[in-house]
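All remarks here apply to the structure that follows.
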Amino acid sequence: MIDYEKNGISYIKKVLLGTAIPDAIPEEFLDSKEMKDIDETIRSIRTSMHAIGNGDLSTKIQGSGHTIGVIKNLQATLKTLTWQTKRIAEGDFSQRTDFLGEFSKAFNTMTIKLEKSIQEVKDTKELFEMVFTTIPDATMIISLEQGKLFDFNKAFCQLVKYSKTDLLNKTMVDIGFFKETLQENAWYQELRKNNQCYNTKINIVSKENNLIIGLFSSKIIYIDDVAYIISVIKDITELHKIEEKLILSEIKYRLLAKEMKALSETDKLTQIYNRVKLDEVLYNELERIGLSTNPIALMIIDIDDFKKVNDQFGHQVGDSVLIEFANILSQNIRELDILGRWGGEEFMIILPFTDLDGSSIIAEKLRKSIANNDFVGVGHLTASFGIAATKERTTPDQLASKADKALYEAKHLGKNRVCSYSLY
Amino acid sequence: MEDKRKYKFSWDLIGDIQLGRPNLGNTTRVEVYRLLQFTFRDIIELNVGKEQTDRIFYDAGKLAGQEFYKHMLKPTSDINEFISQLQAALRELGIGILRVEQVDMDLGELTLTVAEDLDCSGLPEGEEEICTYDEGFICALIESFTGIPFTVKEVDCWCTGDRTCRFEAHSVSYNATENEEQ
Ligand SMILES: [Zn+2]
């Protein structure tokens with residue numbers, strides 16, 4: 001009897017505390033209902049707690065009695081929490097848990113906070129949608145990979161003249177959206193590189209096949225982990241036309257101004273520079289001398305006995321002589337020399353970087369060319385040359401009066417000759 | 001017999017409690033409720049036997065559930081809204097704490113537990129589930145909501161030492177189709 005009790009206690013200890021337990025109750029206790037109840041209850045506690053511990057809530061808990069009841073209640077609680085969590089996941093934030101102390105508080109706070117943050121996300125989404133639909137600029141969202149329209153606003157439909165149903169599920173290629181592949185590719189490239197672009201000019205085509213010049217501000221965004229491009233498009237077609245007109249009129253204005261300047265500097269008869277331009281060049285060249293020691297020469301040429309030509313052949317012939325004379329001069333000077341009509345039958349040549357010797361050689365060449373020329377309707381004519389040269393700063397008037405003096409001397413000495421006057 | 005019904009139930013039979021109980025108000029104690037139920041049970045069982053008594057309580061519970069649904073819950077077609085309302089009502093009226101373990105309306109299966117149950121929580125342990133009235137009550141609620149017949153069985157009960165009453169509800173029509181297929 002003592003052994004039976006001892007064995008009983010030892011067996012109960014084994015099934016309560018042991019890791020591995022016998023598959024069945026020992027034969028010696030089979031006749032005891034109490035022992036069988038204890039054995040079944042402990043085995044049920046072991047199995048059910050093991051299952052619950054592993055998150056398995058579907059196990060049917062065997063047996064009865066207070067302890068088993070508590071475990072069943074725990075299983076029911078966990079099952080209910082599972083169901084409530086599923087409900088919350090589906091958006092039912094009215095779920096609350098009571099009578100579970102600290103856990104209830106934490107669970108309920110979590111639910112309330114979750115509801116609040118989801119509401120905030122919803123609000124933000126609604127705000128975005130509101131802005132998206134009401135924004136006055138055309139706005140579209142397309143997938144990055146296929147260029148498929150995901151969403152667009154009313155302003156976009158108005159811009160491209162498509163209806164909402166026209167655009168549903170269409171790609172940019174489907175509607176022939178981009179006019180130029182080069183622009184389109186450059187835009188994609190910039191987006192892939194910088195994730196965004198600002199005011200990129202892209203030509204697009206409307207449903208009616210009209211060209212629209214769009215200013216694209218785009219950004220790559222992610223919706224459910226898929227990359228999209230959101231673009232706000234400003235229509236600058238009209239602006240662009242005005243701009244083009246403006247540029248055109250500006251070019252015209254510049255041309256006109258250039259023409260007017262040329263006119264104001266040109267002698268109408270001979271088409272060489274007039275005295276205004278000569279004065280300007282001379283002034284600038286003499287200013288330049290102040291900065292260097294390069295010489296400059298000034299040559300005044302006067303057609304000998306021109307009054308006789310006018311008297312004998314008339315003014316028209318006189319004018320054609322002046323034109324022919326100017327041509328001879330311009331054909332025989334260097335590129336850097338400036339030739340102009342000084343007045344009447346007087347011409348002037350400004351010879352930069354030229355001293356008295358150099359200018360005398362040029363003058364002599366010119367004199368010979370003239371003397372050898374057969375002027376149309378007139379025959380041979382000669383001209384007298386007065387040269388003044390300087391290496392130092394002087395005024396245009398001083399230099400011109402010296403050249404004039406030399407010319408006077410050439411006339412006095414019998415014309416058809418070159419006289420010079422050095423200021424150095 | 002049927003022409004001479006004395007107490008065909010109607011919600012009006014509950015009466016005007018505010019008028020009738022200006023001082024004691026709309027509350028009583030659980031003992032009184034249980035005293036009423038278990039004395040009924042005793043006498044009826046003596047008269048018609050155990051099984052018939054269970055049937056009577058099941059049917060009475062069903063009638064109560066139908067009336068409760070009509071008068072205490074707001075009509076809804078959303079199962080979750082229905083459960084929320086029911087939970088709130090049962091708790092407010094002190095009937096019990098209703099918890100949901102599983103709902104699958106496609107399969108026509110619900111598992112509910114009622115803790116701190118008005119009928120049985122705290123009762124001495126016996127061999128059998130006792131909440132047949134509750135079974136009928138829950139069955140009527142679910143049937144009223146879904147509009148299709150259900151059976152409800154209490155699988156665990158305080159009275160069998162389970163600390164909480166667990167009810168399993170099955171749609172009859174679903175089971176029927178399932179059986180036909182097999
Ligand atoms: Zn029960």
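How things are named: the first chain in the structure tokens is A, the next is B, and so on; residues count from 1 in each chain; ligands count from 1 in the order shown.
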
Next item on the list: For chain B, report every residue with an atom at most 12 Å from chain A (counting only C-alpha atoms), formatted as a ChimeraX atom specification.
Entry: /B:78-81,83-85,87-88,91,97-104,110-116,121-122,124-129,155-167

Margin query: Can you pull out the residues contacting Gly386 of chain A? Cut-off 6 Å, using only C-alpha atoms, and skip same-chain residues under 6 positions away; I want them as a list in words.
Written below: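 Listing them by chain and then by number gives Met299, Ile300, Ala403, Ala406, Leu407, Cys419 and Ser420 of chain A.
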
Checklist line | Atomic separation - atom CA of Arg417 of chain A relative to atom CA of Ile272 of chain A, Å | finding: 23.4 Å

Checklist line | segment 108-171 of chain B: residues DSSP assigns to strand (DSSP E or B), reported as number ranges by chain | finding: B: 109-115, 150-156, 165-171

Note to self: So that I can check the surroundings of Asp355 of chain A, please list as a PyMOL selection string every protein, DNA and RNA residue that reaches within 7 Å of it, counting only C-alpha atoms and ignoring chain neighbours fewer than 4 positions away.
What the structure shows: chain A and resi 295-297+359+389

Could those residues be written to a file, using C-alpha atoms, as a PDB file, in the first residue's frame?
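Written output follows (selection-v2.pdb):
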ATOM      1  CA  PRO A 295      52.697 105.882 -86.289  1.00  0.00           C
ATOM      2  CA  ILE A 296      49.674 107.026 -88.272  1.00  0.00           C
ATOM      3  CA  ALA A 297      49.503 108.891 -91.575  1.00  0.00           C
ATOM      4  CA  SER A 359      52.414 106.527 -96.839  1.00  0.00           C
ATOM      5  CA  ALA A 389      52.198 111.600 -90.288  1.00  0.00           C
TER       6      ALA A 389
END

Notebook entry, point to check: Quick one: distance from atom CA of Cys197 of chain A to atom CA of Ser218 of chain A in Å, one decimal?
Noted result: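 Between these atoms lies a distance of 5.3 Å.
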
Note to self: I need the residue nearest Tyr133 of chain B from this list: B:Gly25, B:Gly65, B:Gly96, B:Pro149. Use only C-alpha atoms for the distance.
What the structure shows: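 For Tyr133 of chain B, the nearest of the candidates is B:Gly65.
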
Note to self: Need the shell around His170 of chain B: protein/DNA/RNA residues with any atom at most 10 Å away, counting only C-alpha atoms. Skip same-chain ones fewer than 4 positions apart. Format as a list in words?
What the structure shows: Asp104, Met105, Leu107, Gly108, Glu109, Leu110, Thr111, Cys139, Ile142, Pro149, Phe150, Thr151, Val152, Lys153, Tyr174 and Asn175 of chain B

Mind checking DSSP for segment 29-208 of chain A and telling me the alpha helix (DSSP H) residues as a PDB file with C-alpha atoms, in the first residue's frame?
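selection-v6.pdb was written with the following content:
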ATOM      1  CA  LYS A  33     -10.604   6.767 -11.778  1.00  0.00           C
ATOM      2  CA  GLU A  34      -9.027   9.590  -9.772  1.00  0.00           C
ATOM      3  CA  MET A  35      -5.575   8.695 -10.958  1.00  0.00           C
ATOM      4  CA  LYS A  36      -6.857   8.476 -14.546  1.00  0.00           C
ATOM      5  CA  ASP A  37      -8.517  11.919 -14.215  1.00  0.00           C
ATOM      6  CA  ILE A  38      -5.288  13.438 -12.874  1.00  0.00           C
ATOM      7  CA  ASP A  39      -3.297  11.773 -15.658  1.00  0.00           C
ATOM      8  CA  GLU A  40      -5.653  12.943 -18.396  1.00  0.00           C
ATOM      9  CA  THR A  41      -5.828  16.490 -17.031  1.00  0.00           C
ATOM     10  CA  ILE A  42      -2.040  16.853 -16.769  1.00  0.00           C
ATOM     11  CA  ARG A  43      -1.595  15.406 -20.276  1.00  0.00           C
ATOM     12  CA  SER A  44      -4.242  17.802 -21.619  1.00  0.00           C
ATOM     13  CA  ILE A  45      -2.556  20.747 -19.870  1.00  0.00           C
ATOM     14  CA  ARG A  46       0.776  19.714 -21.392  1.00  0.00           C
ATOM     15  CA  THR A  47      -0.623  19.337 -24.903  1.00  0.00           C
ATOM     16  CA  SER A  48      -2.819  22.459 -24.874  1.00  0.00           C
ATOM     17  CA  MET A  49      -0.216  24.748 -23.310  1.00  0.00           C
ATOM     18  CA  HIS A  50       2.374  23.456 -25.744  1.00  0.00           C
ATOM     19  CA  ALA A  51       0.031  24.226 -28.639  1.00  0.00           C
ATOM     20  CA  ILE A  52      -0.902  27.684 -27.318  1.00  0.00           C
ATOM     21  CA  GLY A  53       2.775  28.418 -26.670  1.00  0.00           C
ATOM     22  CA  HIS A  66     -11.002  24.483 -13.213  1.00  0.00           C
ATOM     23  CA  THR A  67      -7.459  24.449 -14.588  1.00  0.00           C
ATOM     24  CA  ILE A  68      -8.553  23.140 -17.999  1.00  0.00           C
ATOM     25  CA  GLY A  69     -11.294  25.801 -17.971  1.00  0.00           C
ATOM     26  CA  VAL A  70      -8.733  28.537 -17.382  1.00  0.00           C
ATOM     27  CA  ILE A  71      -6.688  27.262 -20.320  1.00  0.00           C
ATOM     28  CA  LYS A  72      -9.810  27.111 -22.502  1.00  0.00           C
ATOM     29  CA  ASN A  73     -10.563  30.684 -21.502  1.00  0.00           C
ATOM     30  CA  LEU A  74      -7.007  31.701 -22.418  1.00  0.00           C
ATOM     31  CA  GLN A  75      -7.405  30.002 -25.788  1.00  0.00           C
ATOM     32  CA  ALA A  76     -10.731  31.800 -26.312  1.00  0.00           C
ATOM     33  CA  THR A  77      -9.115  35.114 -25.418  1.00  0.00           C
ATOM     34  CA  LEU A  78      -6.263  34.575 -27.864  1.00  0.00           C
ATOM     35  CA  LYS A  79      -8.691  33.495 -30.590  1.00  0.00           C
ATOM     36  CA  THR A  80     -10.787  36.597 -30.020  1.00  0.00           C
ATOM     37  CA  LEU A  81      -7.695  38.784 -30.144  1.00  0.00           C
ATOM     38  CA  THR A  82      -6.727  37.137 -33.412  1.00  0.00           C
ATOM     39  CA  TRP A  83     -10.161  37.851 -34.831  1.00  0.00           C
ATOM     40  CA  GLN A  84     -10.074  41.435 -33.548  1.00  0.00           C
ATOM     41  CA  THR A  85      -6.638  41.979 -35.086  1.00  0.00           C
ATOM     42  CA  LYS A  86      -7.972  40.726 -38.410  1.00  0.00           C
ATOM     43  CA  ARG A  87     -10.893  43.113 -38.094  1.00  0.00           C
ATOM     44  CA  ILE A  88      -8.538  46.011 -37.407  1.00  0.00           C
ATOM     45  CA  ALA A  89      -6.465  45.011 -40.417  1.00  0.00           C
ATOM     46  CA  GLY A 101      -5.351  44.810 -17.633  1.00  0.00           C
ATOM     47  CA  GLU A 102      -2.215  46.435 -19.066  1.00  0.00           C
ATOM     48  CA  PHE A 103      -2.646  44.510 -22.305  1.00  0.00           C
ATOM     49  CA  SER A 104      -6.141  45.937 -22.853  1.00  0.00           C
ATOM     50  CA  LYS A 105      -4.805  49.444 -22.364  1.00  0.00           C
ATOM     51  CA  ALA A 106      -1.911  48.893 -24.786  1.00  0.00           C
ATOM     52  CA  PHE A 107      -4.121  47.178 -27.367  1.00  0.00           C
ATOM     53  CA  ASN A 108      -6.786  49.865 -27.254  1.00  0.00           C
ATOM     54  CA  THR A 109      -4.229  52.684 -27.406  1.00  0.00           C
ATOM     55  CA  MET A 110      -2.587  50.999 -30.390  1.00  0.00           C
ATOM     56  CA  THR A 111      -5.936  50.708 -32.170  1.00  0.00           C
ATOM     57  CA  ILE A 112      -6.824  54.342 -31.519  1.00  0.00           C
ATOM     58  CA  LYS A 113      -3.388  55.543 -32.670  1.00  0.00           C
ATOM     59  CA  LEU A 114      -3.521  53.329 -35.735  1.00  0.00           C
ATOM     60  CA  GLU A 115      -6.927  54.728 -36.630  1.00  0.00           C
ATOM     61  CA  LYS A 116      -5.596  58.241 -36.187  1.00  0.00           C
ATOM     62  CA  SER A 117      -2.542  57.719 -38.382  1.00  0.00           C
ATOM     63  CA  ILE A 118      -4.571  55.953 -41.045  1.00  0.00           C
ATOM     64  CA  GLN A 119      -7.007  58.852 -40.941  1.00  0.00           C
ATOM     65  CA  GLU A 120      -4.075  61.224 -41.392  1.00  0.00           C
ATOM     66  CA  VAL A 121      -2.845  59.243 -44.376  1.00  0.00           C
ATOM     67  CA  LYS A 122      -6.400  59.289 -45.763  1.00  0.00           C
ATOM     68  CA  ASP A 123      -6.637  63.040 -45.222  1.00  0.00           C
ATOM     69  CA  THR A 124      -3.308  63.568 -46.967  1.00  0.00           C
ATOM     70  CA  LYS A 125      -4.452  61.371 -49.839  1.00  0.00           C
ATOM     71  CA  GLU A 126      -7.713  63.256 -50.107  1.00  0.00           C
ATOM     72  CA  LEU A 127      -5.856  66.554 -50.049  1.00  0.00           C
ATOM     73  CA  PHE A 128      -3.556  65.317 -52.802  1.00  0.00           C
ATOM     74  CA  GLU A 129      -6.522  64.181 -54.881  1.00  0.00           C
ATOM     75  CA  MET A 130      -8.252  67.498 -54.309  1.00  0.00           C
ATOM     76  CA  VAL A 131      -5.174  69.442 -55.374  1.00  0.00           C
ATOM     77  CA  PHE A 132      -4.621  67.056 -58.270  1.00  0.00           C
ATOM     78  CA  THR A 133      -8.123  67.521 -59.679  1.00  0.00           C
ATOM     79  CA  THR A 134      -8.443  71.232 -59.054  1.00  0.00           C
ATOM     80  CA  LYS A 154      -9.465  67.923 -66.074  1.00  0.00           C
ATOM     81  CA  ALA A 155      -6.923  70.552 -67.114  1.00  0.00           C
ATOM     82  CA  PHE A 156      -4.902  67.809 -68.807  1.00  0.00           C
ATOM     83  CA  CYS A 157      -7.922  66.680 -70.849  1.00  0.00           C
ATOM     84  CA  GLN A 158      -8.554  70.279 -71.826  1.00  0.00           C
ATOM     85  CA  LEU A 159      -4.955  70.794 -72.887  1.00  0.00           C
ATOM     86  CA  VAL A 160      -4.675  67.729 -75.127  1.00  0.00           C
ATOM     87  CA  LYS A 164     -11.421  60.949 -70.132  1.00  0.00           C
ATOM     88  CA  THR A 165     -12.468  57.737 -71.897  1.00  0.00           C
ATOM     89  CA  ASP A 166     -10.065  58.464 -74.771  1.00  0.00           C
ATOM     90  CA  LEU A 167      -7.176  58.390 -72.330  1.00  0.00           C
ATOM     91  CA  THR A 181      11.676  61.509 -79.710  1.00  0.00           C
ATOM     92  CA  LEU A 182      14.874  63.416 -78.942  1.00  0.00           C
ATOM     93  CA  GLN A 183      13.094  65.702 -76.473  1.00  0.00           C
ATOM     94  CA  GLU A 184      11.210  62.771 -74.976  1.00  0.00           C
ATOM     95  CA  ASN A 185      14.383  60.737 -74.455  1.00  0.00           C
ATOM     96  CA  ALA A 186      16.259  63.665 -72.954  1.00  0.00           C
ATOM     97  CA  TRP A 187      13.374  64.180 -70.531  1.00  0.00           C
ATOM     98  CA  TYR A 188      13.355  60.489 -69.485  1.00  0.00           C
ATOM     99  CA  GLN A 189      17.107  60.555 -69.102  1.00  0.00           C
ATOM    100  CA  GLU A 190      17.063  63.583 -66.854  1.00  0.00           C
ATOM    101  CA  LEU A 191      14.292  62.047 -64.748  1.00  0.00           C
ATOM    102  CA  ARG A 192      16.157  58.773 -64.345  1.00  0.00           C
ATOM    103  CA  LYS A 193      19.285  60.693 -63.376  1.00  0.00           C
ATOM    104  CA  ASN A 194      17.876  63.359 -61.038  1.00  0.00           C
TER     105      ASN A 194
END

Next item on the list: May I have the residues within 9 Å of Glu67 of chain B as a PyMOL selection string, using only C-alpha atoms and disregarding those fewer than 3 positions away in the same chain?
Entry: chain B and resi 10-11+62-64+70-72+140

Check: Which of these, B:Leu118, B:Leu141, B:Leu13, B:Ala169, has the shortest distance to Pro75 of chain B once you count only C-alpha atoms?
Finding: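 The answer is B:Leu141, which sits nearest to Pro75 of chain B.
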